[in-house]
$ cat entry37.txt   # compact mmCIF, C-alpha atoms and all ligand atoms
# COMPACT_ATOMS: atom_id res chain seq x y z
CA MET A 1 -19.39 -18.16 14.60
CA THR A 2 -18.58 -20.98 12.27
CA GLY A 3 -17.34 -24.42 13.13
CA ASN A 4 -18.34 -26.31 16.22
CA ASN A 5 -18.66 -23.52 18.72
CA SER A 6 -20.82 -24.46 21.68
CA ASP A 7 -19.31 -24.70 25.15
CA ALA A 8 -19.57 -28.48 25.04
CA PRO A 9 -18.93 -29.31 21.41
CA ALA A 10 -19.94 -32.67 20.04
CA PRO A 11 -17.70 -34.44 17.55
CA HIS A 12 -18.72 -34.10 13.91
CA ALA A 13 -19.92 -37.16 12.09
CA VAL A 14 -17.29 -38.44 9.68
CA ALA A 15 -18.75 -38.38 6.16
CA ASN A 16 -17.72 -40.32 3.10
CA ASN A 17 -15.35 -42.65 4.95
CA GLY A 18 -13.12 -39.68 5.71
CA SER A 19 -12.03 -39.29 2.08
CA ALA A 20 -10.42 -35.95 1.21
CA TYR A 21 -12.42 -36.01 -2.04
CA GLY A 22 -15.48 -33.77 -2.23
CA ARG A 23 -14.79 -31.76 0.87
CA PRO A 24 -17.34 -29.03 1.60
CA PRO A 25 -16.52 -25.45 0.53
CA GLN A 26 -14.14 -23.87 2.98
CA HIS A 27 -14.32 -20.39 4.43
CA SER A 28 -12.98 -18.09 7.11
CA ASN A 29 -15.17 -16.41 9.67
CA LYS A 30 -15.20 -12.97 8.09
CA ARG A 31 -17.03 -11.39 10.99
CA LEU A 32 -14.09 -12.23 13.24
CA THR A 33 -11.28 -11.53 10.82
CA GLU A 34 -12.22 -8.55 8.63
CA VAL A 35 -11.00 -5.36 10.24
CA GLY A 36 -11.50 -2.67 7.61
CA PRO A 37 -13.77 0.36 8.06
CA GLY A 38 -17.43 -0.63 8.20
CA MET A 39 -16.76 -4.30 8.93
CA PRO A 40 -18.25 -5.48 12.25
CA MET A 41 -14.84 -6.40 13.72
CA GLY A 42 -13.29 -3.28 12.23
CA GLU A 43 -15.91 -1.15 13.96
CA LEU A 44 -15.42 -3.01 17.27
CA MET A 45 -11.64 -2.53 17.09
CA ARG A 46 -12.12 1.15 16.31
CA ARG A 47 -13.80 1.70 19.65
CA TYR A 48 -10.52 1.07 21.53
CA TRP A 49 -7.20 2.93 21.56
CA GLN A 50 -4.55 1.02 19.61
CA PRO A 51 -0.75 1.40 19.83
CA ILE A 52 0.61 2.42 16.41
CA ALA A 53 4.26 3.31 16.96
CA VAL A 54 7.04 3.39 19.51
CA SER A 55 7.33 7.04 20.58
CA THR A 56 11.11 7.14 20.22
CA ASP A 57 10.86 5.87 16.62
CA LEU A 58 9.11 9.07 15.63
CA GLY A 59 11.94 11.31 14.49
CA ASP A 60 11.98 14.27 12.15
CA LEU A 61 10.50 12.36 9.20
CA PRO A 62 6.86 11.31 8.72
CA LYS A 63 6.19 7.62 9.21
CA LYS A 64 3.76 5.33 7.35
CA VAL A 65 1.26 3.59 9.60
CA GLN A 66 -0.91 0.70 8.43
CA ILE A 67 -3.65 -0.30 10.82
CA LEU A 68 -7.10 -1.88 10.48
CA GLY A 69 -6.88 -1.79 6.70
CA GLU A 70 -6.10 1.94 6.60
CA GLU A 71 -2.94 3.70 5.49
CA LEU A 72 -2.08 6.78 7.53
CA VAL A 73 0.86 9.06 8.14
CA LEU A 74 2.23 9.81 11.57
CA PHE A 75 4.53 12.74 12.37
CA ARG A 76 5.69 14.82 15.30
CA ASP A 77 5.67 18.57 14.85
CA ARG A 78 8.65 20.52 16.09
CA HIS A 79 6.76 21.41 19.25
CA GLY A 80 6.78 17.66 20.02
CA ARG A 81 3.09 16.99 19.32
CA PRO A 82 2.30 13.75 17.43
CA GLY A 83 -0.28 13.88 14.66
CA LEU A 84 -1.95 11.12 12.64
CA LEU A 85 -3.41 12.13 9.29
CA TYR A 86 -5.01 10.51 6.26
CA PRO A 87 -2.03 10.59 3.89
CA ARG A 88 -3.61 11.81 0.63
CA CYS A 89 -3.30 15.58 0.71
CA MET A 90 -6.74 17.12 0.43
CA HIS A 91 -5.51 19.54 -2.27
CA ARG A 92 -4.57 17.21 -5.11
CA GLY A 93 -3.80 13.98 -3.40
CA THR A 94 -0.09 13.45 -3.08
CA THR A 95 1.04 11.69 0.05
CA LEU A 96 2.02 13.57 3.15
CA TYR A 97 4.63 10.85 3.70
CA TYR A 98 6.87 13.12 1.63
CA GLY A 99 5.76 16.15 3.58
CA LYS A 100 8.09 18.44 5.52
CA VAL A 101 7.70 18.52 9.28
CA GLU A 102 7.67 22.05 10.67
CA ASP A 103 7.02 23.80 13.97
CA ARG A 104 3.27 23.95 13.52
CA GLY A 105 2.60 20.79 11.53
CA ILE A 106 3.37 19.04 8.28
CA ARG A 107 3.72 20.83 4.92
CA CYS A 108 2.71 18.99 1.76
CA CYS A 109 5.67 18.70 -0.60
CA TYR A 110 3.66 19.52 -3.73
CA HIS A 111 2.12 22.99 -3.21
CA GLY A 112 2.93 23.62 0.41
CA TRP A 113 -0.39 23.40 2.21
CA LEU A 114 0.43 23.22 5.91
CA PHE A 115 -1.64 21.03 8.26
CA ASP A 116 -1.45 20.86 12.03
CA VAL A 117 -1.71 17.68 14.13
CA GLU A 118 -5.51 17.88 14.01
CA GLY A 119 -5.64 18.37 10.24
CA ASN A 120 -6.40 22.11 10.35
CA CYS A 121 -5.10 23.80 7.23
CA LEU A 122 -2.87 26.68 8.38
CA GLU A 123 -1.33 27.89 5.13
CA GLN A 124 -1.94 27.69 1.36
CA PRO A 125 1.06 29.58 0.01
CA CYS A 126 0.11 29.47 -3.70
CA GLU A 127 -3.19 31.26 -3.19
CA PRO A 128 -3.18 35.01 -3.99
CA ASN A 129 -3.80 36.06 -0.41
CA GLY A 130 -1.95 33.13 1.02
CA GLU A 131 -5.14 31.28 1.82
CA TRP A 132 -8.25 29.86 0.18
CA TYR A 133 -11.13 29.09 2.51
CA PRO A 134 -8.81 27.40 4.99
CA GLU A 135 -11.69 27.18 7.45
CA ARG A 136 -13.37 24.78 5.00
CA CYS A 137 -10.21 22.70 4.63
CA ARG A 138 -9.48 19.97 7.09
CA GLN A 139 -7.21 17.05 6.32
CA PRO A 140 -8.85 13.93 7.82
CA TRP A 141 -7.15 13.11 11.12
CA TYR A 142 -7.33 10.81 14.14
CA PRO A 143 -6.56 11.63 17.78
CA VAL A 144 -3.37 10.25 19.32
CA GLU A 145 -1.96 10.12 22.83
CA GLU A 146 1.37 8.88 24.19
CA LEU A 147 1.71 6.42 27.06
CA TYR A 148 4.02 3.55 28.04
CA GLY A 149 6.45 4.48 25.27
CA PHE A 150 3.82 4.17 22.52
CA VAL A 151 1.79 6.50 20.37
CA PHE A 152 -1.80 5.28 20.71
CA ALA A 153 -4.47 6.17 18.15
CA TYR A 154 -8.24 6.21 18.33
CA LEU A 155 -9.79 5.46 14.93
CA GLY A 156 -13.44 5.38 15.97
CA PRO A 157 -16.38 7.79 16.03
CA PRO A 158 -15.24 11.03 17.74
CA GLU A 159 -18.21 11.14 20.10
CA LYS A 160 -17.35 7.66 21.38
CA LYS A 161 -13.69 8.30 22.19
CA PRO A 162 -12.94 6.55 25.48
CA VAL A 163 -10.29 7.33 28.07
CA LEU A 164 -6.91 5.82 27.20
CA PRO A 165 -6.61 2.93 29.68
CA ARG A 166 -3.74 2.50 32.10
CA TYR A 167 -2.65 -0.91 33.45
CA ASP A 168 -1.61 -1.30 37.06
CA ASN A 169 1.27 -3.66 36.25
CA LEU A 170 2.89 -1.03 33.98
CA GLU A 171 2.77 1.71 36.59
CA ASP A 172 5.32 2.62 39.30
CA ILE A 173 8.55 1.84 37.46
CA GLY A 174 11.20 1.14 40.12
CA SER A 175 14.57 2.92 40.12
CA ASP A 176 16.18 -0.39 39.07
CA GLN A 177 13.66 -0.96 36.27
CA ILE A 178 12.91 0.27 32.77
CA LEU A 179 9.78 0.05 30.65
CA VAL A 180 10.60 -1.62 27.35
CA SER A 181 8.20 -0.85 24.47
CA MET A 182 8.42 -2.68 21.15
CA ILE A 183 6.29 -3.29 18.08
CA GLY A 184 6.77 -6.16 15.63
CA GLY A 185 6.61 -9.93 15.42
CA LEU A 186 8.30 -10.73 18.72
CA GLY A 187 5.28 -12.57 20.14
CA ALA A 188 5.21 -15.05 17.26
CA THR A 189 8.91 -15.54 16.61
CA GLY A 190 10.57 -14.66 19.92
CA ASP A 191 12.99 -12.33 18.13
CA LEU A 192 12.93 -9.11 16.12
CA SER A 193 13.31 -10.63 12.65
CA LEU A 194 9.73 -9.85 11.49
CA ASP A 195 8.33 -6.32 11.48
CA VAL A 196 4.89 -7.61 10.47
CA VAL A 197 3.45 -11.11 10.91
CA PRO A 198 1.79 -12.39 7.71
CA ASN A 199 -1.37 -13.94 9.14
CA SER A 200 -4.63 -12.85 10.70
CA TRP A 201 -4.57 -11.10 14.06
CA LEU A 202 -7.17 -13.62 15.28
CA GLN A 203 -4.68 -16.48 15.14
CA MET A 204 -2.45 -14.79 17.72
CA ASN A 205 -5.50 -13.65 19.66
CA ASP A 206 -6.82 -17.25 19.87
CA ASN A 207 -3.40 -18.39 21.05
CA VAL A 208 -3.49 -16.41 24.29
CA MET A 209 -6.45 -18.31 25.78
CA ASP A 210 -4.93 -21.64 24.75
CA PRO A 211 -2.98 -22.98 27.76
CA PHE A 212 -2.82 -26.46 26.25
CA HIS A 213 -0.50 -25.45 23.43
CA VAL A 214 1.95 -24.36 26.13
CA HIS A 215 2.03 -27.98 27.30
CA VAL A 216 2.35 -29.47 23.78
CA LEU A 217 3.99 -27.03 21.35
CA HIS A 218 6.25 -25.32 23.87
CA SER A 219 7.07 -28.26 26.07
CA THR A 220 6.43 -31.92 25.30
CA LEU A 221 6.48 -32.05 21.47
CA THR A 222 10.14 -31.23 20.94
CA GLY A 223 11.36 -30.43 24.43
CA PRO A 224 11.04 -27.47 26.72
CA GLN A 225 10.99 -24.12 24.93
CA PHE A 226 10.09 -22.19 28.09
CA ALA A 227 9.86 -23.38 31.74
CA ALA A 228 10.43 -27.13 32.24
CA GLU A 229 7.35 -27.27 34.49
CA PHE A 230 5.08 -26.72 31.48
CA ALA A 231 5.56 -30.44 30.75
CA ILE A 232 3.14 -31.09 33.63
CA MET A 233 -0.44 -31.18 32.30
CA PRO A 234 -2.29 -28.43 34.19
CA LYS A 235 -5.81 -28.37 35.58
CA VAL A 236 -7.34 -25.52 33.63
CA ASP A 237 -10.27 -23.26 34.34
CA PHE A 238 -11.49 -20.38 32.18
CA PHE A 239 -13.47 -17.51 33.60
CA GLN A 240 -14.97 -14.30 32.30
CA THR A 241 -13.98 -10.98 33.85
CA ASP A 242 -15.23 -7.40 33.47
CA GLU A 243 -12.65 -6.91 30.71
CA GLY A 244 -12.50 -10.26 28.90
CA VAL A 245 -11.43 -13.82 29.71
CA CYS A 246 -8.77 -15.34 31.97
CA TYR A 247 -7.47 -18.82 32.41
CA SER A 248 -6.06 -20.43 35.48
CA ALA A 249 -3.67 -23.34 34.84
CA VAL A 250 -2.73 -25.11 38.07
CA ARG A 251 0.25 -27.46 38.17
CA GLU A 252 1.32 -29.71 41.01
CA LEU A 253 5.11 -29.41 41.19
CA GLU A 254 7.52 -32.08 42.37
CA ASP A 255 8.67 -29.97 45.34
CA GLY A 256 5.21 -30.07 46.91
CA GLN A 257 4.17 -26.64 45.66
CA THR A 258 1.43 -25.78 43.26
CA VAL A 259 1.68 -22.97 40.77
CA ASP A 260 -1.40 -21.24 39.44
CA ARG A 261 -0.59 -19.56 36.15
CA ILE A 262 -3.19 -16.92 35.40
CA SER A 263 -3.23 -15.38 31.96
CA SER A 264 -5.52 -12.61 30.76
CA TRP A 265 -7.15 -11.56 27.54
CA LEU A 266 -8.86 -8.18 27.48
CA MET A 267 -11.30 -7.10 24.80
CA PRO A 268 -10.73 -6.92 21.96
CA ASN A 269 -7.03 -7.64 21.30
CA ILE A 270 -5.11 -7.10 24.54
CA MET A 271 -3.28 -9.71 26.55
CA SER A 272 -1.07 -10.06 29.57
CA VAL A 273 0.90 -13.30 29.60
CA PRO A 274 2.79 -14.26 32.77
CA ASP A 275 6.54 -14.78 32.69
CA ILE A 276 7.33 -17.82 30.50
CA GLY A 277 10.19 -18.79 32.80
CA LEU A 278 7.58 -19.20 35.56
CA ARG A 279 9.03 -16.35 37.64
CA ALA A 280 6.75 -15.84 40.64
CA GLY A 281 4.47 -12.84 40.85
CA TYR A 282 2.33 -10.66 38.67
CA SER A 283 2.96 -10.38 34.96
CA SER A 284 5.17 -7.43 34.13
CA GLY A 285 3.76 -6.79 30.69
CA VAL A 286 0.81 -6.02 28.44
CA ALA A 287 0.61 -6.70 24.71
CA TRP A 288 -1.75 -5.66 21.92
CA VAL A 289 -2.32 -7.71 18.74
CA VAL A 290 -2.88 -4.87 16.31
CA PRO A 291 -4.28 -5.82 12.89
CA VAL A 292 -2.49 -4.22 9.95
CA ASP A 293 -5.17 -5.62 7.65
CA ASP A 294 -7.18 -8.84 7.47
CA SER A 295 -4.11 -11.04 7.03
CA HIS A 296 -1.27 -9.20 8.77
CA TYR A 297 -0.69 -7.96 12.29
CA VAL A 298 1.92 -6.44 14.56
CA GLN A 299 2.18 -7.00 18.27
CA ALA A 300 3.00 -4.16 20.64
CA PHE A 301 4.66 -5.09 23.93
CA ALA A 302 5.15 -2.90 26.97
CA MET A 303 7.08 -4.63 29.70
CA LYS A 304 8.71 -3.62 32.96
CA MET A 305 12.20 -5.12 33.12
CA PRO A 306 15.26 -4.89 35.33
CA LYS A 307 17.66 -2.26 33.99
CA ASP A 308 20.40 -4.84 33.58
CA ALA A 309 18.24 -7.52 31.88
CA PRO A 310 19.51 -8.83 28.54
CA PRO A 311 17.46 -7.89 25.43
CA LEU A 312 14.27 -9.90 24.95
CA ARG A 313 15.05 -12.78 22.62
CA ILE A 314 13.90 -16.40 22.75
CA THR A 315 16.27 -19.05 21.40
CA LEU A 316 15.54 -22.65 20.46
CA GLY A 317 18.54 -24.97 20.30
CA GLY A 318 20.75 -21.91 20.77
CA LYS A 319 19.33 -20.09 17.73
CA SER A 320 16.80 -17.31 17.46
CA TRP A 321 13.91 -17.76 15.01
CA GLY A 322 15.41 -15.62 12.27
CA ASP A 323 18.64 -17.65 12.28
CA MET A 324 16.96 -21.06 12.01
CA THR A 325 16.80 -23.00 8.75
CA GLU A 326 13.53 -24.30 7.34
CA GLU A 327 14.49 -27.79 8.51
CA GLU A 328 15.07 -26.46 12.02
CA HIS A 329 11.67 -24.74 11.94
CA GLN A 330 10.12 -28.10 11.00
CA ARG A 331 12.00 -29.96 13.70
CA THR A 332 11.35 -27.35 16.41
CA PRO A 333 8.15 -25.49 15.56
CA GLY A 334 7.04 -22.63 17.78
CA ASP A 335 4.23 -20.10 17.86
CA PHE A 336 5.00 -18.68 14.42
CA GLU A 337 4.91 -22.08 12.72
CA ALA A 338 1.70 -23.13 14.50
CA GLN A 339 -0.13 -19.88 13.76
CA TYR A 340 1.21 -19.11 10.28
CA GLY A 341 0.57 -22.79 9.58
CA GLN A 342 -3.15 -22.05 9.93
CA GLY A 343 -2.87 -19.98 6.74
CA PRO A 344 -2.99 -16.23 6.12
CA ILE A 345 -6.58 -16.30 7.41
CA SER A 346 -7.55 -19.60 9.02
CA LEU A 347 -10.40 -21.61 7.49
CA HIS A 348 -12.81 -21.66 10.39
CA SER A 349 -15.29 -23.87 8.53
CA GLU A 350 -12.78 -26.70 8.90
CA GLU A 351 -12.23 -26.31 12.64
CA HIS A 352 -13.38 -28.90 15.19
CA LEU A 353 -13.27 -27.01 18.45
CA ALA A 354 -12.94 -29.36 21.43
CA THR A 355 -13.33 -29.00 25.19
CA SER A 356 -9.76 -27.68 25.50
CA ASP A 357 -10.76 -24.79 23.22
CA ARG A 358 -13.24 -23.39 25.72
CA GLY A 359 -11.14 -20.25 26.23
CA VAL A 360 -11.00 -19.58 22.49
CA ILE A 361 -14.75 -20.15 22.26
CA MET A 362 -15.38 -17.70 25.13
CA GLN A 363 -13.20 -15.05 23.47
CA ARG A 364 -14.89 -15.39 20.11
CA LYS A 365 -18.36 -15.32 21.68
CA LEU A 366 -17.54 -12.10 23.50
CA LEU A 367 -16.18 -10.56 20.31
CA MET A 368 -19.35 -11.56 18.43
CA GLN A 369 -21.61 -10.23 21.20
CA HIS A 370 -19.81 -6.92 21.35
CA MET A 371 -19.77 -6.48 17.58
CA ASP A 372 -23.56 -6.64 17.85
CA ILE A 373 -23.57 -4.16 20.74
CA VAL A 374 -21.51 -1.69 18.69
CA ALA A 375 -23.75 -2.19 15.65
CA LYS A 376 -26.75 -1.24 17.81
CA GLY A 377 -25.03 1.95 19.04
CA GLY A 378 -23.88 0.63 22.42
CA ASP A 379 -20.47 0.74 24.06
CA PRO A 380 -18.46 -2.49 24.10
CA MET A 381 -16.87 -4.19 27.07
CA GLY A 382 -13.92 -2.43 28.64
CA VAL A 383 -14.33 1.03 27.11
CA ASN A 384 -14.49 3.68 29.76
CA PHE A 385 -15.29 7.38 29.64
CA ASP A 386 -14.42 8.25 33.25
CA PRO A 387 -10.79 9.39 33.72
CA ASP A 388 -10.99 8.43 37.39
CA LYS A 389 -11.52 4.82 36.38
CA ALA A 390 -8.79 4.65 33.76
CA THR A 391 -6.63 2.06 35.50
CA VAL A 392 -7.25 -1.62 34.77
CA HIS A 393 -6.10 -4.30 37.22
CA ILE A 394 -4.09 -7.06 35.55
CA ARG A 395 -4.62 -10.41 37.26
CA SER A 396 -2.00 -12.34 35.29
CA GLY A 397 0.93 -13.98 37.00
CA ASN A 398 2.55 -17.14 38.32
CA PHE A 399 1.27 -17.67 41.86
CA PHE A 400 2.96 -20.34 43.98
CA LYS A 401 1.75 -21.96 47.17
CA LYS A 402 2.31 -25.15 49.12
CA SER A 403 0.02 -27.85 47.79
CA ALA A 404 -2.68 -29.14 50.13
CA ALA A 405 -0.95 -32.54 50.22
CA ALA A 406 2.27 -30.95 51.49
CA GLU A 407 0.62 -28.97 54.29
S1 LIG A 501 -1.20 18.14 -3.35
FE1 LIG A 501 -0.74 18.82 -1.33
S2 LIG A 501 -0.56 20.96 -1.49
FE2 LIG A 501 -1.09 20.32 -3.47
FE FE A 502 2.71 -19.90 22.46

$ encode --input "entry37.txt" --output "structure tokens"
Amino acid sequence: MTGNNSDAPAPHAVANNGSAYGRPPQHSNKRLTEVGPGMPMGELMRRYWQPIAVSTDLGDLPKKVQILGEELVLFRDRHGRPGLLYPRCMHRGTTLYYGKVEDRGIRCCYHGWLFDVEGNCLEQPCEPNGEWYPERCRQPWYPVEELYGFVFAYLGPPEKKPVLPRYDNLEDIGSDQILVSMIGGLGATGDLSLDVVPNSWLQMNDNVMDPFHVHVLHSTLTGPQFAAEFAIMPKVDFFQTDEGVCYSAVRELEDGQTVDRISSWLMPNIMSVPDIGLRAGYSSGVAWVVPVDDSHYVQAFAMKMPKDAPPLRITLGGKSWGDMTEEEHQRTPGDFEAQYGQGPISLHSEEHLATSDRGVIMQRKLLMQHMDIVAKGGDPMGVNFDPDKATVHIRSGNFFKKSAAAE
């Protein structure tokens, strides 16, 4: 890890009277940010299932998928099975994005080779006997499964494919509830105006174990963006779990209650943030920060909601992010401005991590440790091969009780 990264960081000495002249060379932490095949973080990410599309968005046309620096094509055959293939047709390389979806798979537009959802070549219509060593022909493919309204993909080594996790807070949908599943920039902007967020996945990932920005950015800097109670400075504790890191942010409220806001980050890019309106009880959602490449990401949200709830959309000063002017973004910055403001890929050599960054430090340390574990052939934190242990308990929520002083 670069920058000041111990649990109790000491301030840097100020060199050269603080002049901006002659600053040291700047760099990003590539181990944490580079997600392509063969990169340490790319290999760590590839050991977990990642959501790649909303199931209902997969119609009768193939869909481009960009994830972890790879370009892929996703389709659903007419039997309803989703398939995720490397897009360059193994015959002469045109893209299967222009392929024709059929009952048994996808047919390349150029010479008609037909591939099933696992890349098996089923037909080669231009060959004299209708086929040419099809048993030797396999279009590269990845396994997919559907859950919580998403198509999930596993892009890692086949022999290390874990069980697709379930989350207890997304189970047991009540008759008055629906499960909403979305992919895009909602977590950064609060609305649906960005399909892809143009900065590193790590910047959003850092944000989730950062309870202090909730107090400043979302509350006291320009006024309350979420619950008014976030203006109270919380007492914060960070703790490691079997899956990642949690924080507990305890606030003493004016009515004599305390509220303990527990938020979770699960390796390597999963989070469950409690209700931002401070609604009591367990968090109703789980989100994944899925890297598109080193400097772009999408966020996938699955959330239980009341059937009659209005669409998810955060407004500031009565306007959603996409409707605000640049001046309004400057006057009322939110998560997008703070995170995109760190640059496409933040310059970690220039960071000065402080005591309030302990959660971020814990996350990054775990990521670094588990990149090493994967490099040595081990299995990283949170992957599971036992279907009977597929369900993960989500601790996140807003938990109220009477404060000791009021009892
Ligand atoms: S390029 Fe796909 S069948 Fe020829
Ligand atoms: Fe935030």

$ atom_distance --input "entry37.txt" --atom1 "atom CA of Pro165 of chain A" --atom2 "atom CA of Pro306 of chain A"
23.9 Å

$ closest_atom_pairs --input "entry37.txt" --of "chain A" --to "ligand LIG 501 (chain A)" --cutoff "12 Å" --atoms "only C-alpha atoms and all ligand atoms" --output "CSV"
residue,atom,partner,partner_atom,distance
A:Pro87,CA,A:LIG501,FE1,9.8
A:Arg88,CA,A:LIG501,FE1,7.8
A:Cys89,CA,A:LIG501,FE1,4.6
A:Met90,CA,A:LIG501,FE1,6.5
A:His91,CA,A:LIG501,FE2,4.6
A:Arg92,CA,A:LIG501,S1,3.9
A:Gly93,CA,A:LIG501,S1,4.9
A:Thr94,CA,A:LIG501,S1,4.8
A:Thr95,CA,A:LIG501,FE1,7.5
A:Leu96,CA,A:LIG501,FE1,7.4
A:Tyr97,CA,A:LIG501,FE1,10.8
A:Tyr98,CA,A:LIG501,FE1,10.0
A:Gly99,CA,A:LIG501,FE1,8.6
A:Lys100,CA,A:LIG501,FE1,11.2
A:Ile106,CA,A:LIG501,FE1,10.5
A:Arg107,CA,A:LIG501,S2,7.7
A:Cys108,CA,A:LIG501,FE1,4.6
A:Cys109,CA,A:LIG501,FE1,6.5
A:Tyr110,CA,A:LIG501,FE2,4.8
A:His111,CA,A:LIG501,S2,3.8
A:Gly112,CA,A:LIG501,S2,4.8
A:Trp113,CA,A:LIG501,S2,4.4
A:Leu114,CA,A:LIG501,S2,7.8
A:Phe115,CA,A:LIG501,S2,9.8
A:Cys121,CA,A:LIG501,S2,10.2
A:Leu122,CA,A:LIG501,S2,11.6
A:Glu123,CA,A:LIG501,S2,9.6
A:Gln124,CA,A:LIG501,S2,7.4
A:Pro125,CA,A:LIG501,S2,8.9
A:Cys126,CA,A:LIG501,S2,8.8
A:Glu127,CA,A:LIG501,S2,10.8
A:Glu131,CA,A:LIG501,S2,11.8
A:Trp132,CA,A:LIG501,S2,11.9
A:Cys137,CA,A:LIG501,S2,11.6
A:Gln139,CA,A:LIG501,FE1,10.2

$ atom_distance --input "entry37.txt" --atom1 "atom CA of Ser295 of chain A" --atom2 "atom CA of Pro198 of chain A"
6.1 Å

$ atom_distance --input "entry37.txt" --atom1 "atom CA of Leu186 of chain A" --atom2 "atom CA of Lys161 of chain A"
29.3 Å

$ closest_residue --input "entry37.txt" --among "A:Val360, A:Ala354, A:Val151, A:Ile270" --to "Val290 of chain A" --atoms "only C-alpha atoms"
A:Ile270
